[in-house]
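One file, structure.txt, is given below (compact mmCIF, C-alpha atoms and all ligand atoms).
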# COMPACT_ATOMS: atom_id res chain seq x y z
CA MET K 1 27.70 -7.71 -9.96
CA SER K 2 26.22 -4.79 -11.83
CA LEU K 3 22.73 -3.87 -10.79
CA ASN K 4 21.81 -2.42 -14.19
CA LYS K 5 19.54 0.16 -12.59
CA LYS K 6 19.84 3.92 -12.67
CA THR K 7 21.29 5.29 -9.44
CA VAL K 8 21.56 8.64 -7.70
CA ASP K 9 24.79 9.19 -9.66
CA ASP K 10 22.82 9.24 -12.92
CA ILE K 11 20.49 12.14 -12.06
CA ASN K 12 20.65 15.88 -11.49
CA VAL K 13 18.45 16.90 -8.58
CA LYS K 14 19.32 20.61 -8.30
CA GLY K 15 16.14 22.46 -7.38
CA LYS K 16 14.06 19.29 -7.68
CA ARG K 17 11.79 17.69 -5.09
CA VAL K 18 13.27 14.24 -4.42
CA LEU K 19 11.23 11.64 -2.55
CA VAL K 20 13.58 9.10 -0.94
CA ARG K 21 12.20 5.82 0.40
CA CYS K 22 14.48 4.81 3.26
CA ASP K 23 14.27 1.93 5.69
CA PHE K 24 13.96 3.68 9.04
CA ASN K 25 12.22 0.69 10.61
CA VAL K 26 14.40 0.79 13.73
CA PRO K 27 13.81 -0.78 17.13
CA LEU K 28 12.35 1.70 19.66
CA LYS K 29 12.17 1.38 23.43
CA GLU K 30 10.23 4.07 25.29
CA GLY K 31 10.66 6.47 22.38
CA LYS K 32 14.44 5.90 22.15
CA ILE K 33 16.11 4.27 19.14
CA THR K 34 18.03 1.23 20.41
CA ASP K 35 19.85 0.34 17.17
CA GLU K 36 20.55 3.11 14.67
CA ASN K 37 22.43 1.07 12.04
CA ARG K 38 19.69 1.65 9.48
CA LEU K 39 19.83 5.42 10.00
CA VAL K 40 23.60 5.51 9.61
CA ALA K 41 23.38 3.30 6.50
CA ALA K 42 20.96 5.78 4.88
CA LEU K 43 23.21 8.84 5.30
CA PRO K 44 25.41 8.62 2.15
CA THR K 45 22.43 8.92 -0.22
CA ILE K 46 20.77 11.70 1.78
CA LYS K 47 24.01 13.68 2.01
CA LYS K 48 24.66 13.37 -1.72
CA LEU K 49 21.16 14.59 -2.66
CA LEU K 50 21.36 17.52 -0.24
CA ALA K 51 24.84 18.49 -1.43
CA ASP K 52 23.53 18.48 -5.01
CA GLY K 53 20.83 21.00 -4.05
CA GLY K 54 17.79 18.74 -4.00
CA LYS K 55 14.73 19.28 -1.82
CA VAL K 56 14.96 15.97 0.00
CA ILE K 57 11.70 14.42 1.23
CA LEU K 58 12.35 11.24 3.22
CA CYS K 59 9.75 8.54 3.89
CA SER K 60 9.66 5.13 5.58
CA HIS K 61 7.48 2.75 7.49
CA LEU K 62 8.04 1.93 11.16
CA GLY K 63 6.66 -1.22 12.74
CA LYS K 64 3.11 -2.33 12.09
CA PRO K 65 0.57 0.40 12.92
CA LYS K 66 -1.93 -1.56 10.75
CA GLY K 67 -3.19 1.35 8.68
CA GLU K 68 -3.94 3.94 11.36
CA PRO K 69 -1.99 6.57 13.30
CA LYS K 70 -0.31 5.10 16.40
CA PRO K 71 1.68 7.76 18.29
CA GLU K 72 4.16 5.19 19.63
CA LEU K 73 5.06 4.33 16.01
CA SER K 74 5.51 7.92 14.84
CA LEU K 75 8.73 8.64 12.97
CA ALA K 76 9.26 11.85 15.00
CA PRO K 77 12.16 10.39 17.07
CA VAL K 78 13.85 9.34 13.82
CA ALA K 79 13.70 12.92 12.47
CA ALA K 80 15.33 14.17 15.68
CA ARG K 81 18.15 11.60 15.60
CA LEU K 82 18.70 12.00 11.84
CA SER K 83 19.11 15.76 12.31
CA GLU K 84 21.95 15.04 14.74
CA LEU K 85 23.59 12.44 12.51
CA LEU K 86 23.35 14.68 9.42
CA GLY K 87 24.34 17.86 11.22
CA GLN K 88 21.40 19.56 9.54
CA GLU K 89 17.75 19.92 10.48
CA VAL K 90 15.44 17.17 9.25
CA LYS K 91 12.04 18.78 9.67
CA PHE K 92 9.31 16.34 10.70
CA ALA K 93 6.15 16.71 8.61
CA ALA K 94 3.71 15.47 11.27
CA ASP K 95 0.55 14.42 9.46
CA PRO K 96 -1.89 11.62 10.33
CA GLU K 97 -2.64 11.20 6.61
CA VAL K 98 1.09 11.05 5.78
CA VAL K 99 0.47 13.11 2.59
CA GLY K 100 -2.18 15.42 4.08
CA PRO K 101 -2.36 19.24 4.29
CA ASN K 102 0.55 19.53 6.76
CA ALA K 103 2.93 17.43 4.67
CA LYS K 104 1.95 19.23 1.45
CA ALA K 105 2.50 22.64 3.06
CA ALA K 106 5.87 21.54 4.46
CA VAL K 107 7.00 20.36 1.01
CA ALA K 108 5.75 23.54 -0.68
CA ALA K 109 7.82 25.64 1.73
CA MET K 110 11.09 23.74 1.11
CA LYS K 111 14.20 25.44 -0.21
CA ASP K 112 17.00 23.71 -2.16
CA GLY K 113 19.26 21.66 0.13
CA GLU K 114 16.59 21.22 2.82
CA CYS K 115 15.34 17.94 4.22
CA ILE K 116 12.05 16.78 5.68
CA LEU K 117 10.72 13.42 6.90
CA LEU K 118 7.13 12.32 6.31
CA GLU K 119 5.11 10.39 8.91
CA ASN K 120 5.09 6.54 9.03
CA THR K 121 3.78 5.37 5.64
CA ARG K 122 1.97 2.47 7.30
CA TYR K 123 -0.39 4.93 9.00
CA ARG K 124 -2.20 4.49 5.69
CA ALA K 125 -3.95 1.17 5.12
CA GLU K 126 -3.29 1.32 1.35
CA GLU K 127 0.49 1.26 1.87
CA THR K 128 0.93 -2.50 2.27
CA LYS K 129 -1.70 -3.19 -0.44
CA ASN K 130 0.22 -1.14 -3.00
CA GLY K 131 -2.96 0.93 -3.53
CA GLU K 132 -3.13 3.44 -6.37
CA GLU K 133 -4.45 6.46 -4.50
CA PHE K 134 -1.75 6.65 -1.84
CA SER K 135 0.90 5.87 -4.48
CA LYS K 136 -0.35 8.87 -6.51
CA GLU K 137 -0.38 11.10 -3.42
CA LEU K 138 3.24 10.23 -2.68
CA ALA K 139 4.17 10.79 -6.31
CA SER K 140 2.49 14.22 -6.29
CA LEU K 141 5.06 15.41 -3.73
CA CYS K 142 8.08 14.85 -5.96
CA ASP K 143 9.80 15.22 -9.33
CA VAL K 144 12.23 12.34 -8.77
CA PHE K 145 11.97 9.14 -6.71
CA VAL K 146 14.90 7.37 -5.05
CA ASN K 147 14.53 3.95 -3.46
CA ASP K 148 17.19 3.23 -0.85
CA ALA K 149 15.14 0.93 1.38
CA PHE K 150 16.80 -2.47 0.92
CA GLY K 151 15.07 -3.86 4.02
CA THR K 152 11.67 -3.43 2.32
CA ALA K 153 12.76 -4.31 -1.23
CA HIS K 154 11.12 -7.77 -1.05
CA ARG K 155 7.71 -6.14 -0.61
CA ALA K 156 5.63 -4.34 -3.25
CA HIS K 157 4.10 -1.42 -1.33
CA CYS K 158 2.98 2.10 -2.34
CA SER K 159 6.09 3.84 -1.04
CA ASN K 160 8.61 1.66 -2.87
CA VAL K 161 6.77 0.17 -5.86
CA GLY K 162 3.34 1.81 -6.42
CA VAL K 163 4.79 5.32 -6.44
CA THR K 164 7.13 4.45 -9.33
CA GLN K 165 4.09 4.11 -11.66
CA PHE K 166 3.49 7.85 -11.33
CA VAL K 167 7.01 9.29 -11.36
CA ASP K 168 9.13 9.31 -14.53
CA THR K 169 12.57 9.24 -12.92
CA CYS K 170 12.98 6.41 -10.40
CA VAL K 171 16.46 5.39 -9.30
CA VAL K 172 18.12 3.44 -6.48
CA GLY K 173 20.33 4.90 -3.74
CA TYR K 174 23.83 4.00 -2.54
CA LEU K 175 22.67 1.62 0.21
CA MET K 176 20.58 -0.40 -2.22
CA GLU K 177 23.54 -0.50 -4.62
CA LYS K 178 25.91 -1.63 -1.86
CA GLU K 179 23.59 -4.35 -0.54
CA ILE K 180 23.05 -5.83 -4.00
CA ALA K 181 26.77 -5.58 -4.82
CA PHE K 182 27.81 -7.54 -1.71
CA LEU K 183 25.04 -10.12 -1.73
CA GLY K 184 25.01 -10.43 -5.52
CA ASN K 185 28.75 -10.87 -5.87
CA ALA K 186 28.86 -13.39 -3.05
CA VAL K 187 26.23 -15.55 -4.66
CA GLU K 188 26.89 -15.07 -8.36
CA ASN K 189 30.62 -14.46 -8.51
CA PRO K 190 32.18 -15.56 -5.21
CA VAL K 191 35.88 -15.79 -4.53
CA ARG K 192 36.13 -19.48 -3.55
CA PRO K 193 35.95 -21.38 -1.31
CA PHE K 194 32.47 -19.99 -0.65
CA VAL K 195 30.97 -21.14 2.66
CA ALA K 196 27.32 -20.46 3.49
CA ILE K 197 26.15 -20.77 7.09
CA LEU K 198 22.45 -21.07 7.82
CA GLY K 199 20.78 -21.22 11.20
CA GLY K 200 17.68 -19.90 12.88
CA ALA K 201 14.54 -21.58 14.01
CA LYS K 202 12.75 -23.39 11.20
CA VAL K 203 13.72 -25.29 8.07
CA ALA K 204 10.43 -24.23 6.47
CA ASP K 205 11.50 -20.55 6.48
CA LYS K 206 14.64 -21.32 4.49
CA LEU K 207 13.73 -24.09 2.03
CA ASN K 208 14.59 -22.14 -1.13
CA VAL K 209 17.66 -20.54 0.41
CA ILE K 210 19.09 -23.95 1.30
CA SER K 211 18.45 -25.30 -2.16
CA ASN K 212 19.78 -22.24 -4.02
CA LEU K 213 22.88 -21.80 -1.85
CA LEU K 214 23.74 -25.48 -2.17
CA GLU K 215 24.11 -24.89 -5.90
CA LYS K 216 26.29 -21.81 -5.49
CA CYS K 217 28.51 -22.54 -2.47
CA ASP K 218 31.31 -25.04 -1.81
CA THR K 219 30.29 -25.81 1.77
CA LEU K 220 26.89 -25.38 3.40
CA ILE K 221 26.82 -25.34 7.18
CA ILE K 222 23.55 -25.87 9.03
CA GLY K 223 23.00 -24.94 12.69
CA GLY K 224 20.19 -23.63 14.89
CA GLY K 225 16.81 -25.25 15.38
CA MET K 226 16.63 -26.23 11.72
CA ALA K 227 19.59 -28.62 12.10
CA PHE K 228 17.47 -31.08 14.09
CA THR K 229 15.11 -31.78 11.21
CA PHE K 230 18.20 -32.66 9.16
CA LEU K 231 19.54 -34.91 11.94
CA LYS K 232 16.18 -36.67 12.20
CA ALA K 233 16.15 -37.11 8.42
CA GLN K 234 19.46 -38.95 8.83
CA GLY K 235 17.67 -41.36 11.17
CA LYS K 236 19.03 -39.90 14.41
CA GLU K 237 17.11 -39.57 17.67
CA VAL K 238 16.52 -35.84 18.30
CA GLY K 239 14.36 -36.10 21.44
CA LYS K 240 12.16 -33.06 22.03
CA SER K 241 14.18 -30.77 19.71
CA LEU K 242 12.41 -28.44 17.31
CA VAL K 243 11.54 -30.66 14.33
CA ASP K 244 9.35 -30.18 11.29
CA ASP K 245 8.20 -33.70 10.38
CA THR K 246 6.68 -32.44 7.12
CA LYS K 247 10.16 -31.43 5.91
CA LEU K 248 12.04 -34.69 6.53
CA ASP K 249 11.84 -35.70 2.88
CA TYR K 250 13.01 -32.25 1.85
CA CYS K 251 16.06 -32.57 4.12
CA LYS K 252 16.82 -36.02 2.67
CA GLU K 253 16.62 -34.49 -0.81
CA MET K 254 19.05 -31.72 0.19
CA ILE K 255 21.49 -34.25 1.68
CA ALA K 256 21.32 -36.21 -1.60
CA LYS K 257 21.64 -33.02 -3.66
CA ALA K 258 24.81 -32.02 -1.79
CA GLU K 259 26.31 -35.45 -2.46
CA LYS K 260 25.39 -35.34 -6.13
CA LEU K 261 26.87 -31.86 -6.59
CA GLY K 262 29.98 -32.77 -4.61
CA LYS K 263 29.29 -30.07 -2.02
CA LYS K 264 30.12 -30.36 1.64
CA LEU K 265 27.05 -30.21 3.88
CA LEU K 266 28.03 -29.85 7.53
CA LEU K 267 25.53 -30.75 10.24
CA PRO K 268 26.11 -30.59 14.02
CA VAL K 269 28.18 -33.46 15.41
CA ASP K 270 27.21 -32.53 18.97
CA ALA K 271 24.64 -30.37 20.74
CA ALA K 272 23.87 -28.56 23.97
CA VAL K 273 20.71 -30.21 25.29
CA ALA K 274 18.32 -29.36 28.13
CA GLU K 275 15.07 -30.71 29.53
CA SER K 276 12.97 -27.83 28.28
CA PHE K 277 13.09 -24.49 26.45
CA PRO K 278 14.24 -21.70 28.79
CA ASN K 279 11.37 -19.61 30.14
CA PRO K 280 11.86 -16.69 30.13
CA ILE K 281 14.25 -17.09 27.21
CA ASP K 282 17.27 -15.79 29.18
CA ALA K 283 16.54 -17.80 32.36
CA ALA K 284 19.38 -19.82 33.96
CA ILE K 285 19.43 -23.30 32.41
CA ASP K 286 21.23 -26.60 32.99
CA VAL K 287 22.68 -27.98 29.79
CA LYS K 288 24.50 -31.15 28.85
CA MET K 289 26.82 -31.60 25.87
CA VAL K 290 26.04 -34.76 23.93
CA SER K 291 27.09 -36.26 20.62
CA ALA K 292 24.55 -35.78 17.81
CA ASP K 293 24.10 -39.58 17.87
CA GLU K 294 23.17 -39.60 21.54
CA ILE K 295 20.49 -36.96 22.07
CA PRO K 296 18.32 -38.31 24.93
CA ALA K 297 14.67 -38.90 23.98
CA ASP K 298 13.46 -36.65 26.81
CA MET K 299 15.72 -33.68 26.04
CA MET K 300 15.96 -30.96 23.36
CA GLY K 301 18.89 -29.52 21.44
CA LEU K 302 19.21 -25.76 21.98
CA ASP K 303 22.66 -24.96 20.61
CA ILE K 304 25.41 -26.61 18.60
CA GLY K 305 28.03 -28.25 20.85
CA PRO K 306 31.73 -27.32 21.16
CA LYS K 307 32.94 -29.90 18.58
CA SER K 308 30.48 -28.58 15.99
CA ALA K 309 31.50 -25.01 16.84
CA GLU K 310 35.13 -25.93 16.21
CA LEU K 311 34.29 -27.73 12.98
CA TYR K 312 32.22 -24.79 11.72
CA ALA K 313 34.84 -22.23 12.75
CA GLU K 314 37.53 -24.23 10.91
CA ALA K 315 35.41 -24.38 7.75
CA ALA K 316 34.74 -20.65 7.98
CA LYS K 317 38.45 -19.92 8.40
CA THR K 318 39.38 -21.70 5.16
CA ALA K 319 36.80 -19.71 3.19
CA LYS K 320 37.37 -16.69 0.99
CA THR K 321 33.69 -15.75 0.99
CA VAL K 322 31.22 -16.41 3.82
CA VAL K 323 27.51 -15.63 3.93
CA TRP K 324 25.81 -16.16 7.28
CA ASN K 325 22.13 -16.01 8.13
CA GLY K 326 20.53 -17.22 11.37
CA PRO K 327 21.93 -17.99 14.84
CA MET K 328 23.41 -21.41 15.74
CA GLY K 329 21.33 -21.74 18.90
CA VAL K 330 19.05 -19.92 21.30
CA PHE K 331 21.60 -17.08 21.48
CA GLU K 332 19.26 -14.88 23.54
CA ASN K 333 20.26 -17.08 26.48
CA PRO K 334 23.91 -16.61 27.59
CA THR K 335 24.35 -20.36 28.22
CA LEU K 336 23.08 -21.18 24.72
CA ALA K 337 24.96 -18.45 22.84
CA ALA K 338 28.32 -20.27 22.69
CA GLY K 339 27.81 -21.72 19.19
CA THR K 340 26.71 -18.39 17.73
CA ILE K 341 29.62 -16.60 19.44
CA ALA K 342 32.13 -19.16 18.12
CA VAL K 343 30.93 -18.67 14.54
CA ALA K 344 30.86 -14.87 14.90
CA LYS K 345 34.41 -14.93 16.28
CA ALA K 346 35.68 -17.15 13.45
CA LEU K 347 34.18 -14.75 10.91
CA ALA K 348 35.66 -11.75 12.70
CA GLU K 349 39.11 -13.34 12.52
CA THR K 350 39.23 -14.35 8.85
CA ASP K 351 40.22 -12.03 6.04
CA ALA K 352 37.55 -13.59 3.84
CA THR K 353 34.71 -11.40 2.62
CA THR K 354 32.12 -11.88 5.36
CA ILE K 355 28.50 -11.02 4.75
CA ILE K 356 25.88 -11.17 7.46
CA GLY K 357 22.25 -11.46 6.40
CA GLY K 358 20.11 -9.12 8.53
CA GLY K 359 17.76 -10.09 11.32
CA ASP K 360 18.95 -12.05 14.33
CA SER K 361 22.41 -12.84 13.00
CA ALA K 362 23.11 -9.14 12.38
CA ALA K 363 21.83 -8.31 15.88
CA ALA K 364 23.96 -11.08 17.40
CA VAL K 365 27.14 -9.95 15.59
CA ASN K 366 26.57 -6.33 16.63
CA GLN K 367 25.71 -7.20 20.24
CA LEU K 368 28.84 -9.32 20.52
CA GLY K 369 30.93 -6.37 19.33
CA PHE K 370 32.09 -7.99 16.08
CA GLY K 371 30.13 -5.63 13.82
CA ASP K 372 33.08 -3.63 12.51
CA LYS K 373 35.05 -6.83 11.73
CA MET K 374 32.57 -7.97 9.07
CA SER K 375 32.78 -6.89 5.42
CA HIS K 376 29.06 -6.22 5.20
CA ILE K 377 26.10 -6.48 7.56
CA SER K 378 22.89 -6.34 5.58
CA THR K 379 20.14 -3.96 6.72
CA GLY K 380 17.51 -6.38 5.42
CA GLY K 381 16.65 -9.74 7.01
CA GLY K 382 13.76 -10.89 4.84
CA ALA K 383 15.06 -9.01 1.79
CA SER K 384 18.54 -10.56 2.01
CA LEU K 385 17.02 -14.03 2.39
CA GLU K 386 14.79 -13.59 -0.64
CA PHE K 387 17.78 -12.30 -2.58
CA LEU K 388 19.78 -15.38 -1.52
CA GLU K 389 16.87 -17.52 -2.72
CA GLY K 390 17.54 -16.07 -6.16
CA LYS K 391 14.28 -14.09 -6.28
CA GLU K 392 13.93 -10.74 -7.99
CA LEU K 393 13.15 -8.03 -5.41
CA PRO K 394 10.15 -5.91 -6.49
CA GLY K 395 11.60 -2.77 -4.89
CA VAL K 396 14.70 -3.07 -7.07
CA ALA K 397 12.87 -4.16 -10.21
CA ALA K 398 10.68 -1.02 -10.11
CA ALA K 399 13.60 1.39 -10.61
CA ASN K 400 14.51 2.62 -14.12
CA ASP K 401 16.80 0.28 -16.07
CA ASN K 402 20.22 1.55 -16.96
CA LYS K 403 19.93 1.35 -20.72
P1 LIG O 1 15.13 -13.00 11.03
O1 LIG O 1 13.92 -13.78 10.66
O2 LIG O 1 14.88 -11.94 12.07
O3 LIG O 1 15.93 -12.54 9.87
P2 LIG O 1 16.95 -15.19 11.42
O4 LIG O 1 16.73 -15.58 10.04
O5 LIG O 1 18.33 -14.75 11.80
O6 LIG O 1 16.04 -14.00 11.86
P3 LIG O 1 15.07 -16.98 12.70
O7 LIG O 1 14.70 -18.02 11.74
O8 LIG O 1 14.10 -15.91 13.05
O9 LIG O 1 16.52 -16.36 12.36
O10 LIG O 1 15.48 -17.75 14.02
C1 LIG O 1 16.04 -17.13 15.12
C2 LIG O 1 15.56 -17.80 16.35
O11 LIG O 1 15.89 -19.18 16.32
C3 LIG O 1 16.20 -17.24 17.59
O12 LIG O 1 15.22 -16.58 18.34
C4 LIG O 1 16.74 -18.48 18.32
O13 LIG O 1 16.46 -18.47 19.69
C5 LIG O 1 16.00 -19.62 17.65
N1 LIG O 1 16.72 -20.88 17.73
C6 LIG O 1 18.01 -21.12 17.41
N2 LIG O 1 18.36 -22.38 17.68
C7 LIG O 1 17.26 -23.00 18.19
C8 LIG O 1 17.01 -24.32 18.67
N3 LIG O 1 17.94 -25.23 18.66
N4 LIG O 1 15.77 -24.58 19.10
C9 LIG O 1 14.82 -23.62 19.12
N5 LIG O 1 15.00 -22.36 18.68
C10 LIG O 1 16.21 -22.04 18.22

Translate this file's structure into structure tokens.
Amino acid sequence: MSLNKKTVDDINVKGKRVLVRCDFNVPLKEGKITDENRLVAALPTIKKLLADGGKVILCSHLGKPKGEPKPELSLAPVAARLSELLGQEVKFAADPEVVGPNAKAAVAAMKDGECILLENTRYRAEETKNGEEFSKELASLCDVFVNDAFGTAHRAHCSNVGVTQFVDTCVVGYLMEKEIAFLGNAVENPVRPFVAILGGAKVADKLNVISNLLEKCDTLIIGGGMAFTFLKAQGKEVGKSLVDDTKLDYCKEMIAKAEKLGKKLLLPVDAAVAESFPNPIDAAIDVKMVSADEIPADMMGLDIGPKSAELYAEAAKTAKTVVWNGPMGVFENPTLAAGTIAVAKALAETDATTIIGGGDSAAAVNQLGFGDKMSHISTGGGASLEFLEGKELPGVAAANDNK
């Protein structure tokens, strides 16, 4: 799928100040980055701009500081780790105002081929409101703007959308291009059979994704907490399982839609059930495997059962394209991770194009050590879901069209 947007390959940045919006929203534990996938994914664009002699000014948000400086959400540790990954100093422009006197002085002192990182853009309250003033301040730092933050592309904020109003040349980076190419091709132009696997907690979070993917795929597989609303819609007893009673009609509609379109819709045929949700989430738990027709009224389904896992793995193995978003069960608990592991393993073993939507499924695949066996692991959870819903992403739309 062609993105039809100008990219970093269409511009000459020699001697220019280039502001690059990255997604450096990485998990931190006691000041240490615990998953650096997003940093690694940002390197190709940064390297290209530096090699071309640009003055590269990086920016990103990190967590939710809610519009004020929070030292524990400073991007300083990211600058340090990025310097190591790049093999070149990424100077940190510490500045509580993000674009205050320190940042401006740091940019003014830059030489061609140098790189700096601004402070967390969400230190400013205007950021998430797409306010004009902060957008203008960001724009004043640069001659060219590059958006490579796929993980934030579903939001219209100052640092990815507002800023583009005040900079003439706005393009997308390699990561953005790659994300859209994989997700876009899978959905719009898939090599068939195309199997979509959806899991996670709630049906309500994925209404439009279910409906849109049903139209595009050959087989839709449902697991995770959301499967129980579907089972209840089929008239089954689901006991104390997670159910959204307001979405029963919606699930019935989707079951009918699948039939009408001649698509396979796979629901769990068995489940791992327990008396209550594990507390804490990784606590030891007694589970029972039951058929999906025999879930006891006083128990709850917390994972797909072994027969469903086999059925899903088989379906995944016959596919040529697989898109997966959301775990099959409460995978944070080792006893309830079997369904998610089985699906991850099946995907790791096929030579189909395998695309993992971000969020929990990406974390699960990486934790299980299957990361390098997948064709593409998206860096954006919410963004990849909205893309799979068929929505236009504001962060992408704001870049210059490739006329
Ligand atoms: P993200 O929103 O981060 O992209 P996701 O789309 O992969 O994540 P979510 O909808 O957030 O998935 O759901 C993940 C959560 O669903 C996990 O924490 C998991 O424990 C929970 N979950 C999975 N199966 C069940 C179940 N049967 N009952 C209750 N919770 C479940």

(request) Can you pull out every residue within 8 Å of segment 58-64 of chain K, counting all atoms listed in the file, but drop anything in the same chain fewer than 2 positions away, and send it as a ChimeraX atom specification? (result) /K:19-26,56,66,73-75,115-122,159

Write to file, as a compact mmCIF listing (two decimals), keeping the file's coordinate frame, the residues of the selection just made, with C-alpha atoms.
# COMPACT_ATOMS: atom_id res chain seq x y z
CA LEU K 19 11.23 11.64 -2.55
CA VAL K 20 13.58 9.10 -0.94
CA ARG K 21 12.20 5.82 0.40
CA CYS K 22 14.48 4.81 3.26
CA ASP K 23 14.27 1.93 5.69
CA PHE K 24 13.96 3.68 9.04
CA ASN K 25 12.22 0.69 10.61
CA VAL K 26 14.40 0.79 13.73
CA VAL K 56 14.96 15.97 0.00
CA LYS K 66 -1.93 -1.56 10.75
CA LEU K 73 5.06 4.33 16.01
CA SER K 74 5.51 7.92 14.84
CA LEU K 75 8.73 8.64 12.97
CA CYS K 115 15.34 17.94 4.22
CA ILE K 116 12.05 16.78 5.68
CA LEU K 117 10.72 13.42 6.90
CA LEU K 118 7.13 12.32 6.31
CA GLU K 119 5.11 10.39 8.91
CA ASN K 120 5.09 6.54 9.03
CA THR K 121 3.78 5.37 5.64
CA ARG K 122 1.97 2.47 7.30
CA SER K 159 6.09 3.84 -1.04

Output, as AutoDock Vina command-line options, the centre and edge lengths in Å (one decimal) of the axis-aligned box that contains all listed atoms of ligand LIG 1 (chain O) with 3 Å of margin on each side.
--center_x 16.1 --center_y -18.6 --center_z 14.8 --size_x 10.4 --size_y 19.3 --size_z 15.8

(message) Just checking: using all atoms listed in the file, which residue out of K:His376, K:Lys55, K:Lys129, K:Lys345 ends up closest to Lys91 of chain K?
(response)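 Residue with the minimum atom-to-atom distance to Lys91 of chain K: K:Lys55.
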
(request) Determine the nearest neighbour of Glu259 of chain K from the options K:Val290, K:Ala297, K:Glu215, K:Pro77, counting only C-alpha atoms. (result) K:Glu215

Taking only C-alpha atoms and all ligand atoms into account, which residues have an atom no farther than 6 Å from ligand LIG 1 (chain O)? I'd like them as an mmCIF file with C-alpha atoms, in the frame of the given file.
data_model
loop_
_atom_site.group_PDB
_atom_site.id
_atom_site.type_symbol
_atom_site.label_atom_id
_atom_site.label_comp_id
_atom_site.auth_asym_id
_atom_site.auth_seq_id
_atom_site.Cartn_x
_atom_site.Cartn_y
_atom_site.Cartn_z
ATOM 1 C CA GLY K 200 17.680 -19.900 12.880
ATOM 2 C CA ALA K 201 14.540 -21.580 14.010
ATOM 3 C CA LYS K 202 12.750 -23.390 11.200
ATOM 4 C CA GLY K 224 20.190 -23.630 14.890
ATOM 5 C CA GLY K 225 16.810 -25.250 15.380
ATOM 6 C CA LEU K 242 12.410 -28.440 17.310
ATOM 7 C CA GLY K 301 18.890 -29.520 21.440
ATOM 8 C CA LEU K 302 19.210 -25.760 21.980
ATOM 9 C CA ASP K 303 22.660 -24.960 20.610
ATOM 10 C CA ASN K 325 22.130 -16.010 8.130
ATOM 11 C CA GLY K 326 20.530 -17.220 11.370
ATOM 12 C CA PRO K 327 21.930 -17.990 14.840
ATOM 13 C CA MET K 328 23.410 -21.410 15.740
ATOM 14 C CA GLY K 329 21.330 -21.740 18.900
ATOM 15 C CA VAL K 330 19.050 -19.920 21.300
ATOM 16 C CA PHE K 331 21.600 -17.080 21.480
ATOM 17 C CA GLU K 332 19.260 -14.880 23.540
ATOM 18 C CA GLY K 358 20.110 -9.120 8.530
ATOM 19 C CA GLY K 359 17.760 -10.090 11.320
ATOM 20 C CA ASP K 360 18.950 -12.050 14.330
ATOM 21 C CA SER K 361 22.410 -12.840 13.000
ATOM 22 C CA GLY K 381 16.650 -9.740 7.010
ATOM 23 C CA GLY K 382 13.760 -10.890 4.840
#

(request) Find, counting only C-alpha atoms, the residue in K:Leu85, K:Leu248, K:Val191, K:Leu3 that gets nearest to Val322 of chain K. (result) K:Val191

(request) One decimal, Å: what's the distance from atom CA of Cys217 of chain K over to atom CA of Val195 of chain K, could you say? (result)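 Spanning atom CA of Cys217 of chain K to atom CA of Val195 of chain K is a straight-line distance of 5.9 Å.
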
(message) Measuring between only C-alpha atoms, which one of K:Glu237, K:Glu72, K:Glu84, K:Asp148 shows the shortest distance to Tyr174 of chain K?
(response)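 Selected residue with least distance to Tyr174 of chain K: K:Asp148.
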
(message) Between atom CA of Asp35 of chain K and atom CA of Ile377 of chain K, what distance in Å does the model show, to one decimal?
(response) 13.3 Å

(message) Neighbouring residues of Cys142 of chain K were defined as those with any atom within 6 Å, considering only C-alpha atoms; residues of the same chain fewer than 2 positions away were excluded. Please report them as a ChimeraX atom specification.
(response) /K:17-19,139-140,144

(request) Find the spatial neighbours of Glu314 of chain K, counting only C-alpha atoms, within a cut-off of 12 Å - ignore same-chain residues fewer than 2 positions away - and output them as a VMD selection string. (result) chain K and resid 195 219 221 266 307 to 312 316 to 319 342 to 343 345 to 347 349 to 350

(message) Need the shell around Asn12 of chain K: protein/DNA/RNA residues with any atom at most 10 Å away, counting only C-alpha atoms. Skip same-chain ones fewer than 6 positions apart. Format as a ChimeraX atom specification?
(response) /K:49,52-54,144

(request) To one decimal in Å, tell me the separation between atom CA of Ala109 of chain K and atom CA of Leu138 of chain K. (result) 16.7 Å

Would you mind exporting segment 89-94 of chain K with N, CA and C atoms, as an mmCIF file, in the first residue's frame?
data_model
loop_
_atom_site.group_PDB
_atom_site.id
_atom_site.type_symbol
_atom_site.label_atom_id
_atom_site.label_comp_id
_atom_site.auth_asym_id
_atom_site.auth_seq_id
_atom_site.Cartn_x
_atom_site.Cartn_y
_atom_site.Cartn_z
ATOM 1 N N GLU K 89 26.664 11.110 20.461
ATOM 2 C CA GLU K 89 25.993 11.783 21.579
ATOM 3 C C GLU K 89 24.625 12.354 21.179
ATOM 4 N N VAL K 90 23.609 12.040 21.988
ATOM 5 C CA VAL K 90 22.316 12.718 21.870
ATOM 6 C C VAL K 90 22.241 13.619 23.100
ATOM 7 N N LYS K 91 22.436 14.908 22.864
ATOM 8 C CA LYS K 91 22.492 15.849 23.979
ATOM 9 C C LYS K 91 21.071 16.062 24.510
ATOM 10 N N PHE K 92 20.915 16.029 25.829
ATOM 11 C CA PHE K 92 19.579 16.231 26.392
ATOM 12 C C PHE K 92 19.366 17.711 26.699
ATOM 13 N N ALA K 93 18.329 18.301 26.088
ATOM 14 C CA ALA K 93 18.036 19.717 26.298
ATOM 15 C C ALA K 93 17.077 19.865 27.473
ATOM 16 N N ALA K 94 17.599 19.652 28.688
ATOM 17 C CA ALA K 94 16.754 19.734 29.885
ATOM 18 C C ALA K 94 16.086 21.101 29.931
#
